[in-house]
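Q: Before I ask anything, let me first share the structure, which is written out below as structure tokens.
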Amino acid sequence: MTNQELRLSVGASPGQRVVAVVAGVLLAAVGVAFVALPLFADGLLRRLTGPGDAFASYEEARDLPPGLLPSGLRDSADPNQPGPSPFIGLCGLPFVLLGLYLVLRVLRTAAWLDGSRVRVRGALRTRTVDLATARIESGAVSYREADDDGPAGGPQVLAILATDPGSTRGVTIPLRGMGLPSLPPSELLALAEAITTGRPGDGRDGDAHAVVDHLHRMAERPSTD
């Protein structure tokens, strides 16, 4: 096993990055506009729906009985009637946060393999797990492929789920990225070697060895889709 750190080809392709960043910025902009709307809505509504020339505002007509007020001021004359609540703007915060998260996720997502230790960087944090000792599982879906060596409808590994033993702390390593249908064979073999380093082959880690076998098959027959 090489001790040189290897950057894995995970993450979005350049085209996907552009689309995701544009979508995230637009989403955040909509959220910001929604947050700022209550700050300007009250004055804007007064200009659009305010009274005519007789009175500029309620303050100039507050001494008149309500029955003598123009219809435009009659409903807005109540000083206790609340205007647009500034708390309505808080509904835009999720859009702002979602847009920022989308941008950070597509720009920051990366993974490195250093010996048997894999370091995965997400939108907000970076986690490191030792693949040689981690609990290895696979994210899988059923598929049917005519030229598959395995049984029809068998599992196709889409990602490696590596979790530190005795905890819920783990990482997810996608097996495709950068616009590729799968990781390059050299990276797949490096992951397989990292998983099997020092791991007993007596069947106690059946899930891990099943993932390793699949990685070898992927490396021997790289997808060209």
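Ordering of the structure tokens sets the chain letters (A, B, ...); residue numbers start at 1 within each chain; ligands are numbered from 1 in the order shown.
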Near segment 194-204 of chain A, counting only C-alpha atoms, which residues have an atom at most 6 Å away, once you skip same-chain residues fewer than 2 positions from it, shown as a PyMOL selection string?

A: chain A and resi 116+131-132+191-192+206

Q: Closest to Gly115 of chain A among A:Ala190, A:Leu161, A:Val21, A:Met218, using only C-alpha atoms?

A: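 Result for the nearest residue to Gly115 of chain A: A:Ala190.
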
Q: Show me, as a CSV table (one decimal) with N, CA, C and O atoms, in the first residue's frame, the residues that have an atom within 6 Å of Ile160 of chain A when counting only C-alpha atoms, minus same-chain residues fewer than 5 positions from it.

A:
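This is the output file around-v7.csv:
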```
chain,number,residue,atom,x,y,z
A,138,SER,N,-22.6,-1.0,2.1
A,138,SER,CA,-22.8,-0.4,0.8
A,138,SER,C,-24.2,0.2,0.6
A,138,SER,O,-25.1,-0.3,1.2
A,172,THR,N,-19.4,8.7,3.9
A,172,THR,CA,-20.0,8.1,2.7
A,172,THR,C,-19.1,8.4,1.5
A,172,THR,O,-18.8,9.6,1.3
A,173,ILE,N,-18.6,7.4,0.9
A,173,ILE,CA,-17.7,7.6,-0.3
A,173,ILE,C,-18.4,7.2,-1.5
A,173,ILE,O,-18.6,6.0,-1.8
```

Q: Let me make sure I understand: among A:Leu93, A:Val18, A:Leu107, A:Ala123, which one has the smallest atom-to-atom distance to Ala33 of chain A if we use only C-alpha atoms?

A: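 Of the candidates, the smallest distance to Ala33 of chain A is held by A:Leu93.
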
Q: Counting only C-alpha atoms, figure out which residue out of A:Gly89, A:Pro185, A:Trp112, A:Gly11 gets nearest to Phe40 of chain A.

A: A:Gly89

Q: Just want the 12 Å neighbourhood of Ala219 of chain A, counted on only C-alpha atoms, with same-chain residues fewer than 3 positions away dropped. Output as a PyMOL selection string.

A: chain A and resi 175+182-192+212-216+222-224

Q: Kindly export the residues of the current selection with C-alpha atoms, as a PDB file, in the first residue's frame.

A:
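File part05.pdb, as written:
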```pdb
ATOM      1  CA  LEU A 175     -18.175   5.496  -6.285  1.00  0.00           C
ATOM      2  CA  SER A 182     -17.544   5.301 -11.765  1.00  0.00           C
ATOM      3  CA  LEU A 183     -14.236   6.064 -10.107  1.00  0.00           C
ATOM      4  CA  PRO A 184     -11.082   5.211 -12.101  1.00  0.00           C
ATOM      5  CA  PRO A 185      -9.853   1.606 -11.653  1.00  0.00           C
ATOM      6  CA  SER A 186      -6.738   2.725  -9.757  1.00  0.00           C
ATOM      7  CA  GLU A 187      -8.897   4.482  -7.140  1.00  0.00           C
ATOM      8  CA  LEU A 188     -11.282   1.533  -6.831  1.00  0.00           C
ATOM      9  CA  LEU A 189      -8.362  -0.831  -6.221  1.00  0.00           C
ATOM     10  CA  ALA A 190      -6.839   1.575  -3.701  1.00  0.00           C
ATOM     11  CA  LEU A 191     -10.107   1.627  -1.759  1.00  0.00           C
ATOM     12  CA  ALA A 192     -10.314  -2.174  -1.883  1.00  0.00           C
ATOM     13  CA  VAL A 212     -14.192  -5.330  -1.915  1.00  0.00           C
ATOM     14  CA  ASP A 213     -15.200  -8.014  -4.418  1.00  0.00           C
ATOM     15  CA  HIS A 214     -17.508  -5.552  -6.126  1.00  0.00           C
ATOM     16  CA  LEU A 215     -14.769  -2.923  -6.265  1.00  0.00           C
ATOM     17  CA  HIS A 216     -12.491  -5.433  -8.009  1.00  0.00           C
ATOM     18  CA  PRO A 222     -14.890  -0.024 -15.943  1.00  0.00           C
ATOM     19  CA  SER A 223     -18.177   1.440 -17.103  1.00  0.00           C
ATOM     20  CA  THR A 224     -18.156   3.516 -20.241  1.00  0.00           C
TER      21      THR A 224
END
```

Q: Could you pull the residues within 9 Å of Gly179 of chain A, counting only C-alpha atoms, minus those fewer than 2 positions along the same chain, as a list in words?

A: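 Counting only C-alpha atoms, the residues come to Val10, Gly11, Ala12, Ser13, Pro14, Gly15, Gln16, Arg176, Gly177, Pro181 and Ser182 of chain A.
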
Q: Measuring between only C-alpha atoms, which one of A:Leu97, A:Leu8, A:Val118, A:Ala208 shows the shortest distance to Leu27 of chain A?

A: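 Residue with the minimum atom-to-atom distance to Leu27 of chain A: A:Leu97.
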
Q: Using only C-alpha atoms, which residue out of A:Ile136, A:Ala23, A:Cys91, A:Ala28 lies closest to Ala210 of chain A?

A: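 Smallest separation from Ala210 of chain A among the options: A:Ile136.
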
Q: I need the residues of segment 157-206 of chain A that end up classed as alpha helix (DSSP H) by DSSP on the backbone, written out as an MDAnalysis selection string.

A: chainID A and resid 185:196 206

Q: Identify which of the residues A:Arg117, A:Asp207, A:Gly122, A:Arg221 lies closest to Leu6 of chain A, counting only C-alpha atoms when measuring atom-to-atom distances.

A: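 Of A:Arg117, A:Asp207, A:Gly122, A:Arg221, the one nearest Leu6 of chain A is A:Arg117, counting only C-alpha atoms.
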
Q: Within 9 Å of Tyr101 of chain A, counting only C-alpha atoms, which residues qualify if same-chain residues fewer than 5 places away don't, as an NGL selection string?

A: :A and (24 or 96 or 106 or 123-124)

Q: Between atom CA of Thr128 of chain A and atom CA of Asp114 of chain A, measure the distance and give it in Å to one decimal.

A: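 Atom-to-atom, atom CA of Thr128 of chain A and atom CA of Asp114 of chain A are spaced 10.0 Å apart.
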
Q: Calculate how many Å separate atom CA of Val25 of chain A from atom CA of Ala111 of chain A, rounding to one decimal.

A: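 Distance reported for this atom pair: 24.6 Å.
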